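Listing of protein_34.txt, compact mmCIF, C-alpha atoms
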```txt
# COMPACT_ATOMS: atom_id res chain seq x y z
CA MET A 11 219.29 35.24 96.91
CA ALA A 12 217.76 36.33 100.19
CA ARG A 13 214.20 35.15 100.03
CA ASP A 14 212.93 36.75 103.17
CA ASN A 15 209.54 37.77 101.92
CA ASP A 16 206.61 36.12 100.24
CA ALA A 17 206.78 38.21 97.09
CA MET A 18 210.31 37.01 96.35
CA LEU A 19 209.26 33.43 96.85
CA VAL A 20 206.31 33.85 94.53
CA GLU A 21 208.53 35.38 91.87
CA ALA A 22 211.05 32.56 92.24
CA CYS A 23 208.32 29.98 91.94
CA LEU A 24 206.99 31.63 88.79
CA ARG A 25 210.48 31.35 87.33
CA GLY A 26 210.27 27.59 87.86
CA ASP A 27 211.75 27.20 91.34
CA ARG A 28 209.45 24.67 93.02
CA ASN A 29 211.47 24.85 96.24
CA ALA A 30 210.34 28.45 96.61
CA PHE A 31 206.74 27.32 96.89
CA ASP A 32 207.78 24.70 99.43
CA GLU A 33 209.04 27.54 101.58
CA LEU A 34 205.64 29.21 101.34
CA VAL A 35 204.05 25.93 102.40
CA ASP A 36 206.38 25.79 105.39
CA ARG A 37 205.38 29.31 106.38
CA TYR A 38 201.63 28.97 106.06
CA GLU A 39 200.83 25.31 106.61
CA GLY A 40 200.28 25.83 110.33
CA PRO A 41 198.21 29.02 110.20
CA LEU A 42 196.04 27.74 107.35
CA PHE A 43 195.41 24.41 109.03
CA SER A 44 194.51 26.14 112.28
CA VAL A 45 191.93 28.43 110.71
CA ALA A 46 190.56 25.59 108.57
CA TYR A 47 190.22 23.40 111.63
CA ARG A 48 188.32 26.05 113.57
CA ILE A 49 185.94 26.59 110.66
CA THR A 50 185.35 22.95 109.77
CA GLY A 51 185.69 21.42 113.25
CA SER A 52 187.32 18.37 111.73
CA VAL A 53 190.99 17.45 111.43
CA GLU A 54 190.41 15.56 108.19
CA ASP A 55 188.43 18.39 106.60
CA ALA A 56 191.02 20.90 107.76
CA MET A 57 193.76 18.83 106.15
CA ASP A 58 191.77 18.63 102.91
CA ALA A 59 191.09 22.37 102.95
CA THR A 60 194.73 23.20 103.62
CA GLN A 61 196.01 20.84 100.95
CA ASN A 62 193.50 22.10 98.38
CA ALA A 63 194.35 25.70 99.23
CA PHE A 64 198.04 25.15 98.52
CA VAL A 65 197.41 23.22 95.32
CA ASN A 66 194.97 25.85 94.03
CA ALA A 67 197.35 28.64 94.96
CA TYR A 68 200.24 26.88 93.23
CA GLU A 69 198.35 26.24 90.02
CA LYS A 70 196.95 29.78 89.95
CA LEU A 71 200.05 31.52 91.18
CA HIS A 72 200.42 33.39 87.90
CA THR A 73 197.12 35.14 88.61
CA PHE A 74 198.34 36.48 91.95
CA ASP A 75 198.87 40.23 91.84
CA PRO A 76 202.14 40.95 93.67
CA SER A 77 200.95 44.38 94.73
CA TYR A 78 198.90 42.61 97.37
CA ARG A 79 199.86 40.40 100.26
CA PHE A 80 200.31 36.74 99.51
CA PHE A 81 199.08 35.63 102.91
CA SER A 82 195.76 37.44 102.42
CA TRP A 83 195.33 35.68 99.11
CA ILE A 84 196.09 32.20 100.34
CA TYR A 85 194.12 32.71 103.56
CA ARG A 86 191.14 33.61 101.47
CA ILE A 87 191.54 30.48 99.37
CA ALA A 88 191.79 28.37 102.54
CA VAL A 89 188.73 30.00 104.12
CA ASN A 90 186.70 29.39 100.97
CA GLN A 91 187.89 25.80 100.79
CA SER A 92 186.85 25.33 104.41
CA LEU A 93 183.43 26.89 103.91
CA ASN A 94 182.87 24.77 100.82
CA LEU A 95 183.68 21.63 102.79
CA VAL A 96 181.36 22.69 105.62
CA GLY A 97 178.65 23.36 103.09
CA ARG A 98 179.04 19.92 101.59
CA ARG A 99 179.18 18.20 104.94
CA ARG A 100 176.73 20.34 106.83
CA ASP A 101 175.34 17.44 108.75
CA GLN A 102 178.74 16.47 110.04
CA THR A 103 179.45 18.81 112.93
CA THR A 104 181.33 16.63 115.33
CA PHE A 105 184.29 18.33 116.86
CA ASP A 106 187.53 16.45 117.03
CA GLU A 107 188.49 16.96 120.63
CA ASP A 108 191.61 14.92 120.08
CA ALA A 109 193.03 17.47 117.69
CA PRO A 110 196.69 18.19 118.29
CA ALA A 111 197.03 21.50 120.04
CA VAL A 112 199.71 23.65 121.54
CA GLU A 113 200.26 22.41 125.07
CA PRO A 114 198.64 24.71 127.63
CA ASN A 115 200.64 25.53 130.71
CA PRO A 116 199.55 23.58 133.80
CA SER A 117 197.77 26.48 135.47
CA GLU A 118 195.48 26.78 132.47
CA VAL A 119 194.48 23.17 132.32
CA PHE A 120 191.40 23.42 134.51
CA GLU A 121 189.81 26.41 132.79
CA THR A 122 190.77 25.04 129.42
CA THR A 123 188.89 21.85 130.02
CA GLU A 124 185.93 23.57 131.70
CA ILE A 125 184.97 26.75 129.91
CA ARG A 126 186.98 26.51 126.76
CA GLY A 127 185.60 23.13 125.81
CA HIS A 128 182.07 24.50 126.02
CA LEU A 129 183.12 27.52 124.02
CA LYS A 130 184.58 25.36 121.26
CA ARG A 131 181.39 23.35 121.03
CA ALA A 132 179.25 26.49 121.06
CA LEU A 133 181.38 27.88 118.24
CA LEU A 134 180.55 24.88 116.12
CA GLU A 135 176.86 25.46 116.67
CA LEU A 136 177.10 28.82 114.95
CA GLN A 137 176.39 28.93 111.26
CA PRO A 138 179.65 28.70 109.28
CA HIS A 139 179.72 32.31 108.14
CA TYR A 140 179.27 33.51 111.72
CA ARG A 141 181.87 31.05 113.00
CA THR A 142 184.30 32.23 110.35
CA VAL A 143 184.29 35.88 111.44
CA ILE A 144 184.79 34.82 115.07
CA VAL A 145 187.74 32.64 114.06
CA LEU A 146 189.34 35.33 111.93
CA LYS A 147 188.86 38.01 114.56
CA HIS A 148 189.71 36.20 117.78
CA LEU A 149 191.94 33.31 116.78
CA GLU A 150 193.77 34.88 113.90
CA GLY A 151 193.68 38.46 115.16
CA PHE A 152 192.62 40.03 111.86
CA SER A 153 191.17 43.54 111.82
CA TYR A 154 187.70 44.29 110.47
CA ARG A 155 189.31 45.59 107.28
CA GLU A 156 191.41 42.48 106.82
CA ILE A 157 188.44 40.20 107.44
CA GLY A 158 186.49 42.19 104.87
CA GLU A 159 189.29 41.68 102.37
CA LEU A 160 189.51 37.98 103.08
CA LEU A 161 185.79 37.36 102.81
CA GLU A 162 185.25 40.04 100.17
CA ILE A 163 182.52 41.71 102.13
CA PRO A 164 182.24 45.33 103.27
CA GLU A 165 183.76 46.23 106.63
CA LYS A 166 180.30 47.24 107.82
CA THR A 167 179.06 43.74 107.10
CA VAL A 168 182.00 42.30 109.01
CA LYS A 169 181.02 44.35 112.05
CA SER A 170 177.36 43.42 111.90
CA ARG A 171 178.12 39.77 111.28
CA LEU A 172 180.60 39.67 114.12
CA PHE A 173 178.11 41.33 116.44
CA THR A 174 175.45 38.75 115.60
CA ALA A 175 177.94 35.90 115.93
CA ARG A 176 179.07 37.03 119.36
CA GLN A 177 175.50 37.64 120.47
CA ARG A 178 174.47 34.15 119.43
CA LEU A 179 177.52 32.67 121.10
CA ARG A 180 176.66 34.46 124.34
CA VAL A 181 173.06 33.30 124.16
CA ILE A 182 174.11 29.68 123.64
CA LEU A 183 176.50 29.78 126.58
CA THR A 184 174.09 31.68 128.81
CA GLU A 185 171.21 29.33 128.11
CA ARG A 186 173.40 26.49 129.29
CA GLY A 187 174.54 28.36 132.36
CA LEU A 188 178.13 28.42 131.17
CA THR A 189 178.83 32.12 131.64
CA PRO A 190 179.28 33.87 134.97
CA MET B 2 170.09 51.92 126.97
CA ASN B 3 168.74 48.73 125.47
CA THR B 4 170.59 45.42 125.63
CA ASP B 5 171.70 45.46 121.98
CA ARG B 6 173.22 48.91 122.34
CA LEU B 7 174.94 47.98 125.59
CA GLU B 8 176.29 44.78 124.05
CA ALA B 9 177.56 46.62 120.97
CA LEU B 10 179.37 49.20 123.11
CA LEU B 11 180.88 46.55 125.36
CA TRP B 12 182.24 44.62 122.39
CA ALA B 13 183.53 47.82 120.82
CA ARG B 14 185.39 48.48 124.04
CA VAL B 15 186.82 44.96 123.99
CA ASP B 16 187.91 45.42 120.37
CA GLY B 17 189.41 48.84 121.06
CA THR B 18 187.21 50.38 118.38
CA ILE B 19 184.96 52.37 120.68
CA ASP B 20 185.06 56.11 120.00
CA PRO B 21 185.19 58.74 122.77
CA GLU B 22 181.49 59.57 122.55
CA GLU B 23 180.50 55.94 122.76
CA LEU B 24 182.88 55.38 125.64
CA ALA B 25 181.35 58.29 127.52
CA GLU B 26 177.90 56.87 126.85
CA LEU B 27 178.97 53.45 128.11
CA GLU B 28 180.70 54.79 131.20
CA ALA B 29 177.69 56.94 132.05
CA HIS B 30 175.48 53.90 131.80
CA LEU B 31 177.78 51.76 133.90
CA ALA B 32 178.10 54.53 136.50
CA LYS B 33 174.35 54.44 136.98
CA HIS B 34 174.56 50.72 137.60
CA PRO B 35 177.21 50.23 140.30
CA GLU B 36 176.90 46.46 140.17
CA PRO B 37 178.56 45.29 136.98
CA PRO B 38 175.77 44.10 134.73
CA GLU B 39 175.66 40.40 134.02
CA ILE B 40 176.11 41.00 130.32
CA GLU B 41 179.39 42.83 130.95
CA ARG B 42 180.80 39.88 132.87
CA GLN B 43 179.64 37.48 130.18
CA ILE B 44 181.21 39.46 127.37
CA THR B 45 184.46 39.88 129.26
CA THR B 46 184.66 36.14 129.92
CA ILE B 47 183.79 35.17 126.35
CA ALA B 48 186.29 37.64 124.90
CA GLU B 49 189.06 36.37 127.16
CA GLU B 50 188.30 32.76 126.35
CA LEU B 51 188.08 33.38 122.61
CA ASP B 52 191.33 35.27 122.57
CA SER B 53 193.08 32.49 124.46
CA LEU B 54 191.89 29.62 122.28
CA GLU B 55 194.98 27.76 121.30
CA LYS B 56 196.31 27.46 117.79
CA VAL B 57 195.88 23.97 116.46
CA GLN B 58 198.98 22.32 115.07
CA PRO B 59 198.64 20.33 111.87
CA PRO B 60 199.19 16.59 111.98
CA SER B 61 202.72 15.68 110.94
CA GLU B 62 201.52 13.84 107.84
CA LEU B 63 199.94 16.94 106.35
CA ARG B 64 203.21 18.35 105.04
CA ALA B 65 203.90 15.16 103.09
CA ARG B 66 200.33 15.11 101.77
CA ILE B 67 200.71 18.65 100.48
CA GLY B 68 204.06 17.80 98.94
CA ASN B 69 202.60 14.81 97.10
CA ALA B 70 199.64 16.83 95.89
CA LEU B 71 201.93 19.59 94.63
CA ALA B 72 204.05 17.05 92.79
CA ASP B 73 200.97 16.11 90.78
CA ALA B 74 199.79 19.69 90.34
CA THR B 75 200.13 21.71 87.18
CA PRO B 76 202.95 24.24 87.58
CA PRO B 77 201.90 27.87 87.25
CA THR B 78 202.44 29.51 83.92
CA GLY B 79 204.03 32.94 83.49
CA ARG B 80 202.62 35.86 85.36
CA ILE B 81 199.65 37.62 83.81
CA ASP B 82 199.66 41.39 83.63
CA HIS B 83 197.65 43.38 86.12
CA PRO B 84 197.24 46.68 84.26
CA THR B 85 194.91 48.18 86.82
CA THR B 86 195.41 47.32 90.42
CA THR B 87 192.14 46.38 92.01
CA GLN B 88 191.70 43.90 94.79
CA HIS B 89 188.75 42.20 93.18
CA GLN B 90 190.89 41.07 90.31
CA HIS B 91 192.31 38.44 92.60
CA PHE B 92 189.03 37.13 93.71
CA ALA B 93 186.80 38.04 90.83
CA PRO B 94 184.13 35.46 90.19
CA ALA B 95 184.69 33.08 87.35
CA SER B 96 183.96 34.40 83.92
CA PRO B 97 180.52 33.68 82.47
CA ALA B 98 182.08 31.13 80.16
CA ARG B 99 183.03 29.14 83.24
CA TRP B 100 180.00 29.58 85.44
CA LEU B 101 177.26 29.41 82.86
CA PRO B 102 177.48 25.62 82.52
CA LEU B 103 177.51 25.36 86.30
CA ALA B 104 174.56 27.68 86.54
CA ALA B 105 172.65 25.72 83.95
CA SER B 106 173.35 22.50 85.83
CA LEU B 107 172.22 24.09 89.05
CA LEU B 108 169.03 25.32 87.50
CA ILE B 109 168.16 21.89 86.18
CA GLY B 110 168.99 20.37 89.56
CA VAL B 111 166.93 22.90 91.42
CA ALA B 112 164.06 22.41 89.02
CA ILE B 113 164.09 18.66 89.56
CA GLY B 114 164.40 19.11 93.30
CA TYR B 115 161.60 21.60 93.31
CA LEU B 116 159.29 19.29 91.44
CA MET B 117 160.19 16.29 93.59
CA HIS B 118 160.00 18.07 96.90
CA PRO B 119 157.08 16.83 98.99
CA ASN B 120 156.09 20.32 100.07
CA THR B 121 156.08 21.65 96.56
CA GLY B 122 152.72 22.15 95.07
CA GLY B 123 149.69 23.98 96.33
CA SER B 124 148.69 26.67 93.98
CA ILE B 125 152.16 27.31 92.50
CA ASP B 126 152.25 26.44 88.83
CA GLN B 127 155.24 24.16 88.32
CA SER B 128 155.46 24.88 84.63
CA ALA B 129 156.08 28.48 85.50
CA VAL B 130 158.94 27.39 87.72
CA THR B 131 160.60 25.06 85.27
CA GLY B 132 159.98 27.46 82.44
CA THR B 133 162.43 29.90 83.90
CA MET B 134 165.00 27.31 84.92
CA VAL B 135 166.34 26.81 81.43
CA THR B 136 166.84 30.50 80.83
CA PRO B 137 170.48 31.43 81.42
CA PRO B 138 171.16 34.60 83.37
CA SER B 139 171.18 37.51 81.02
CA GLN B 140 172.58 39.95 83.52
CA LEU B 141 174.52 39.72 86.73
CA GLU B 142 173.51 42.39 89.18
CA THR B 143 174.95 43.44 92.52
CA GLY B 144 173.67 45.19 95.59
CA ARG B 145 169.93 45.66 95.19
CA VAL B 146 167.67 43.83 92.77
CA GLU B 147 164.02 44.67 92.32
CA ILE B 148 161.36 42.68 90.50
CA GLN B 149 158.09 44.43 89.80
CA LEU B 150 155.40 41.80 89.55
CA GLU B 151 153.05 41.99 86.64
CA ALA B 152 149.41 42.98 86.97
CA ASP B 153 150.42 45.41 89.71
CA ALA B 154 150.61 42.45 92.05
CA GLY B 155 153.48 43.96 94.05
CA SER B 156 157.25 43.68 94.13
CA VAL B 157 160.14 41.51 95.30
CA THR B 158 163.33 43.30 96.32
CA ALA B 159 166.59 41.62 97.26
CA SER B 160 169.32 43.59 98.99
CA ARG B 161 172.70 41.90 99.18
CA ALA B 162 175.56 42.84 101.47
CA GLY B 163 178.35 40.30 101.11
CA ALA B 164 176.94 36.88 101.80
CA ASP B 165 173.81 38.24 103.44
CA VAL B 166 170.64 38.82 101.46
CA VAL B 167 167.36 40.31 102.64
CA VAL B 168 164.37 39.70 100.38
CA ASP B 169 161.34 41.95 100.81
CA VAL B 170 158.13 40.69 99.26
CA VAL B 171 155.24 43.13 98.98
CA LEU B 172 152.04 41.65 97.59
CA THR B 173 149.22 44.03 96.88
CA ALA B 174 146.99 41.47 95.23
CA ALA B 175 145.48 38.18 96.33
CA ILE B 176 148.00 35.89 94.64
CA ASP B 177 150.13 32.94 95.71
CA LEU B 178 153.84 33.44 95.20
CA ALA B 179 156.98 31.34 95.66
CA VAL B 180 160.33 33.07 96.07
CA THR B 181 163.47 30.94 95.73
CA VAL B 182 167.02 31.90 96.62
CA ALA B 183 169.81 29.53 95.56
CA GLY B 184 173.57 29.73 95.21
CA ALA B 185 175.62 28.72 92.18
CA GLY B 186 178.63 27.61 94.18
CA GLY B 187 177.27 26.57 97.55
CA PRO B 188 174.23 26.34 99.77
CA VAL B 189 172.11 29.23 100.95
CA HIS B 190 171.12 29.26 104.61
CA PHE B 191 167.82 30.44 106.03
CA GLU B 192 168.35 33.18 108.60
CA GLY B 193 164.87 34.45 109.43
CA LEU B 194 161.40 35.38 108.26
CA SER B 195 158.97 38.06 109.29
CA SER B 196 155.57 38.46 107.75
CA THR B 197 152.34 40.38 108.11
CA ASN B 198 150.53 37.27 107.01
CA ALA B 199 152.53 34.64 108.85
CA SER B 200 149.76 32.07 108.70
CA ALA B 201 149.93 32.19 104.93
CA SER B 202 153.73 32.01 104.64
CA GLU B 203 155.88 28.90 104.62
CA VAL B 204 159.64 28.45 104.36
CA THR B 205 161.28 25.38 102.89
CA THR B 206 165.00 24.79 103.14
CA ASP B 207 166.40 21.90 101.21
CA GLN B 208 169.20 21.00 98.81
CA GLY B 209 171.02 24.20 99.61
CA TRP B 210 168.26 26.56 98.57
CA VAL B 211 165.55 28.45 100.42
CA VAL B 212 161.96 28.86 99.26
CA VAL B 213 159.27 30.98 100.85
CA ARG B 214 155.71 30.54 99.73
CA THR B 215 153.25 33.21 100.64
CA SER B 216 149.83 34.52 99.76
CA GLY B 217 148.88 38.14 99.27
CA PRO B 218 148.03 40.69 100.10
CA GLY B 219 150.73 41.22 102.69
CA THR B 220 154.45 41.62 103.20
CA VAL B 221 157.21 39.11 103.90
CA THR B 222 160.85 39.75 104.77
CA LEU B 223 163.17 36.80 104.24
CA SER B 224 166.79 36.78 105.42
CA VAL B 225 169.26 34.29 103.97
CA SER B 226 173.00 33.99 103.70
CA ALA B 227 175.29 32.30 101.21
CA ALA B 228 177.74 29.76 102.60
CA VAL B 229 180.24 30.93 100.03
CA ALA B 230 180.77 34.65 100.53
CA ASP B 231 181.36 35.50 96.88
CA ASP B 232 178.82 33.14 95.46
CA THR B 233 176.51 34.15 92.63
CA LEU B 234 172.94 33.91 93.87
CA ARG B 235 169.73 33.28 91.98
CA LEU B 236 166.49 34.95 92.97
CA GLN B 237 163.38 33.53 91.42
CA VAL B 238 159.71 34.34 91.83
CA SER B 239 157.02 32.06 90.47
CA SER B 240 153.27 31.95 90.62
CA ASP B 241 150.39 30.56 88.66
CA ASP B 242 148.87 34.02 88.60
CA ILE B 243 151.69 35.96 86.96
CA PRO B 244 154.74 35.17 84.80
CA ALA B 245 157.79 33.88 86.65
CA GLU B 246 160.95 35.95 86.82
CA GLU B 247 164.48 35.43 87.96
CA ARG B 248 167.59 37.49 88.54
CA TRP B 249 171.20 36.68 89.31
CA ILE B 250 172.98 38.61 92.01
CA GLY B 251 176.76 38.69 91.95
CA PRO B 252 179.12 39.42 94.82
CA LEU B 253 179.86 42.99 95.71
CA ARG B 254 182.86 44.26 93.78
CA ARG B 255 185.53 45.91 95.90
CA GLU B 256 186.37 49.50 95.10
CA PRO B 257 189.85 49.96 93.61
CA LYS B 258 192.51 50.85 96.09
CA PRO B 259 193.55 54.50 95.90
```

Represent the structure of the file as C-alpha cells.
Amino acid sequence: MARDNDAMLVEACLRGDRNAFDELVDRYEGPLFSVAYRITGSVEDAMDATQNAFVNAYEKLHTFDPSYRFFSWIYRIAVNQSLNLVGRRRDQTTFDEDAPAVEPNPSEVFETTEIRGHLKRALLELQPHYRTVIVLKHLEGFSYREIGELLEIPEKTVKSRLFTARQRLRVILTERGLTP
Amino acid sequence: MNTDRLEALLWARVDGTIDPEELAELEAHLAKHPEPPEIERQITTIAEELDSLEKVQPPSELRARIGNALADATPPTGRIDHPTTTQHQHFAPASPARWLPLAASLLIGVAIGYLMHPNTGGSIDQSAVTGTMVTPPSQLETGRVEIQLEADAGSVTASRAGADVVVDVVLTAAIDLAVTVAGAGGPVHFEGLSSTNASASEVTTDQGWVVVRTSGPGTVTLSVSAAVADDTLRLQVSSDDIPAEERWIGPLRREPKP
C-alpha cells in the first residue's frame, strides 16, 4: 500500500499497524522538537514535550477526525505540552546555546553569533504565549488562520498577540542597543 | 501617524497582509519622511533575523526515547464516529466528569494558598473566600461574563478572547473587593492593571493565579492571560461587605467549518 499521506498512516495505525505510527514519528519528530525547543528554550524540555506529544497522539489516535490535517492536530498537542512544561518550570528560563542546530553557511556565522544570539535570548524573555505566536509565525511559517487553529484562538487574537509580541521584542532589543 | 499605527502597518507589509489602502497610507507617511524612520529599520532587521532563525535538530537519542515510550503506551482503540464535523471536537475541553475533580482540587489548593499568603488579609473576609471554593462550577460560560455585585455595589465583567482575559471592575460603593483569576489546567499570568484609584489597588501573583484587591468607589481594569490557551478559567470576587461569587469561563468554541 502506498502510504504517502498522513491520513493513510493514521488509518493503518488504527487497524493495528504500529509501524505506520513510526512513520508519522519519523515525519514529525524534527518539526515538533524544533517548535518545542523554541517555546521551552530547553533541549530536555523539548524532548519531553515531543515525546509526550507522540505518546498522547498515539493513545488518542481514535479521537482524531480524519477530515482535518494530522499535522495540525499533533502540532497543537506539542505546543500545549510545551506551554504546560514552561508553566511548570517558569523560573527556569536558561537557553541551551549548545542545542544542535542546522549548520549555518560560513558567511552567516558572524551575524548569527552577533544579532541572532541576542534575538534568541530576547525571545525567551517574552511571556510564553507571546513567544509561541512568534515561533509559529516566523520559525514555522504558519498563517494567522493556522496559528488560530493550533492555539484555538480567533484569528483576530492571533494578530493582536503577534503585534504585542513583536512590539515587546523590538523594545527589548532597542533598549539594549541591539537594533540598527 | 502614531508609532503604534506605523508599526502595525510596517509589520503588515512584512507579512504581506497589508491592504491597498493601508499601503497607500504607509507610503504617504514614508514619503513625507525621506529618511527611513528608525522603527522601519528595526522592524526590517528583526523580521529578517526571525525568519532566518535556524531549525533545531533533535538529539539523536530522542527517536529511541519516543520508540520506548510508544512501546509502553496503550494502543489506540477503534475510531470513534464524528457525526458532525467541527474543529473543536478535536480539541474540546475535557468533559465535566474529567475536569470537575481537577477543578475541585484546584479550588481547595487556591483556598489554602489564599489563606496562607502573606499579603492576604486586610478587610477581605476569608470565610467568604473559602465558602465559594467548595462550590463546583454550575455553568461554564464563554466570551463575556458579568457579575452584578449585590447591594448595588457595582459590577465585575470578564471578557475572554482566547487565552487573554480583561476584567473590568466598577465599584460604585465604598467596599473592599478581591478579584481572583485562576486556571484549571495551568497558571494565569498578570499582563497589566489600570485603575482610577491606583493607590487603593494591589495585585498579587502567586501559585499561578492573579488577585487584585481594590477599594471603591472607582474602576479597575485587570489584564491576564492563561498559559494554556484552552484552559478553563475561574473568576471569583470576594468581600466582607457582600456575598462572594464565582464563575467559570471556558475556551472559545470554534465555529463549525462550512

Pull out every residue of chain B that has at least one atom within 6 Å of chain A, counting only C-alpha atoms, and report them as JSON, numbers by chain.
{"B": [43, 51, 52, 56, 57, 58, 59, 67, 71, 75, 76, 77, 78, 79, 80, 81, 163]}

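Using only C-alpha atoms, the nearest neighbour of B:Glu192 within the list B:Leu172, B:Ala227, B:Leu11, B:Glu247 is B:Ala227.
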
Give me the residues near B:Val189 as a PDB file with C-alpha atoms, keeping the file's coordinate frame, where near means some atom within 12 Å (using all atoms listed in the file) and where sequence neighbours in that chain fewer than 6 positions away do not count.
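Contents of part.pdb, freshly written:
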```
ATOM      1  CA  LEU A  93     183.430  26.890 103.910  1.00  0.00           C
ATOM      2  CA  ASN A  94     182.870  24.770 100.820  1.00  0.00           C
ATOM      3  CA  GLY A  97     178.650  23.360 103.090  1.00  0.00           C
ATOM      4  CA  ARG A  98     179.040  19.920 101.590  1.00  0.00           C
ATOM      5  CA  ARG A 100     176.730  20.340 106.830  1.00  0.00           C
ATOM      6  CA  GLN A 137     176.390  28.930 111.260  1.00  0.00           C
ATOM      7  CA  PRO A 138     179.650  28.700 109.280  1.00  0.00           C
ATOM      8  CA  HIS A 139     179.720  32.310 108.140  1.00  0.00           C
TER       9      HIS A 139
ATOM     10  CA  ALA B 164     176.940  36.880 101.800  1.00  0.00           C
ATOM     11  CA  ASP B 165     173.810  38.240 103.440  1.00  0.00           C
ATOM     12  CA  VAL B 166     170.640  38.820 101.460  1.00  0.00           C
ATOM     13  CA  THR B 181     163.470  30.940  95.730  1.00  0.00           C
ATOM     14  CA  VAL B 182     167.020  31.900  96.620  1.00  0.00           C
ATOM     15  CA  ALA B 183     169.810  29.530  95.560  1.00  0.00           C
ATOM     16  CA  THR B 205     161.280  25.380 102.890  1.00  0.00           C
ATOM     17  CA  THR B 206     165.000  24.790 103.140  1.00  0.00           C
ATOM     18  CA  ASP B 207     166.400  21.900 101.210  1.00  0.00           C
ATOM     19  CA  GLN B 208     169.200  21.000  98.810  1.00  0.00           C
ATOM     20  CA  GLY B 209     171.020  24.200  99.610  1.00  0.00           C
ATOM     21  CA  TRP B 210     168.260  26.560  98.570  1.00  0.00           C
ATOM     22  CA  VAL B 211     165.550  28.450 100.420  1.00  0.00           C
ATOM     23  CA  VAL B 212     161.960  28.860  99.260  1.00  0.00           C
ATOM     24  CA  SER B 224     166.790  36.780 105.420  1.00  0.00           C
ATOM     25  CA  VAL B 225     169.260  34.290 103.970  1.00  0.00           C
ATOM     26  CA  SER B 226     173.000  33.990 103.700  1.00  0.00           C
ATOM     27  CA  ALA B 227     175.290  32.300 101.210  1.00  0.00           C
ATOM     28  CA  ALA B 228     177.740  29.760 102.600  1.00  0.00           C
ATOM     29  CA  VAL B 229     180.240  30.930 100.030  1.00  0.00           C
ATOM     30  CA  ALA B 230     180.770  34.650 100.530  1.00  0.00           C
ATOM     31  CA  ASP B 231     181.360  35.500  96.880  1.00  0.00           C
ATOM     32  CA  ASP B 232     178.820  33.140  95.460  1.00  0.00           C
ATOM     33  CA  THR B 233     176.510  34.150  92.630  1.00  0.00           C
ATOM     34  CA  LEU B 234     172.940  33.910  93.870  1.00  0.00           C
ATOM     35  CA  ARG B 235     169.730  33.280  91.980  1.00  0.00           C
ATOM     36  CA  LEU B 236     166.490  34.950  92.970  1.00  0.00           C
TER      37      LEU B 236
END
```

So that I can check the surroundings of B:Gln149, please list as a PyMOL selection string every protein, DNA and RNA residue that reaches within 10 Å of it, counting all atoms listed in the file and ignoring chain neighbours fewer than 6 positions away.
chain B and resi 155-158+171+246

Just the selected residues (C-alpha atoms), exported as a CSV table (one decimal), keeping the file's coordinate frame, please.
```csv
chain,number,residue,atom,x,y,z
B,155,GLY,CA,153.5,44.0,94.0
B,156,SER,CA,157.2,43.7,94.1
B,157,VAL,CA,160.1,41.5,95.3
B,158,THR,CA,163.3,43.3,96.3
B,171,VAL,CA,155.2,43.1,99.0
B,246,GLU,CA,161.0,36.0,86.8
```

Take atom CA of A:Thr50 and atom CA of A:Leu136 and report the distance between them in Å, one decimal.
11.4 Å

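Coordinates place atom CA of B:Lys33 at a distance of 23.0 Å from atom CA of B:Thr18.
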
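What separates atom CA of B:Gly251 from atom CA of B:Thr143 is a distance of 5.1 Å.
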
Would you mind telling me which residue in A:Thr142, A:Asp16, A:Asp27, A:His128 lies nearest to A:Ile49 when using all atoms listed in the file?
A:Thr142

Could you give me the centre and size, in Å to one decimal, of an axis-aligned box around all listed atoms of stretch 162-176 of chain B with 6 Å added on every side, as AutoDock Vina command-line options?
```
--center_x 161.9 --center_y 40.0 --center_z 99.0 --size_x 44.9 --size_y 20.1 --size_z 20.8
```
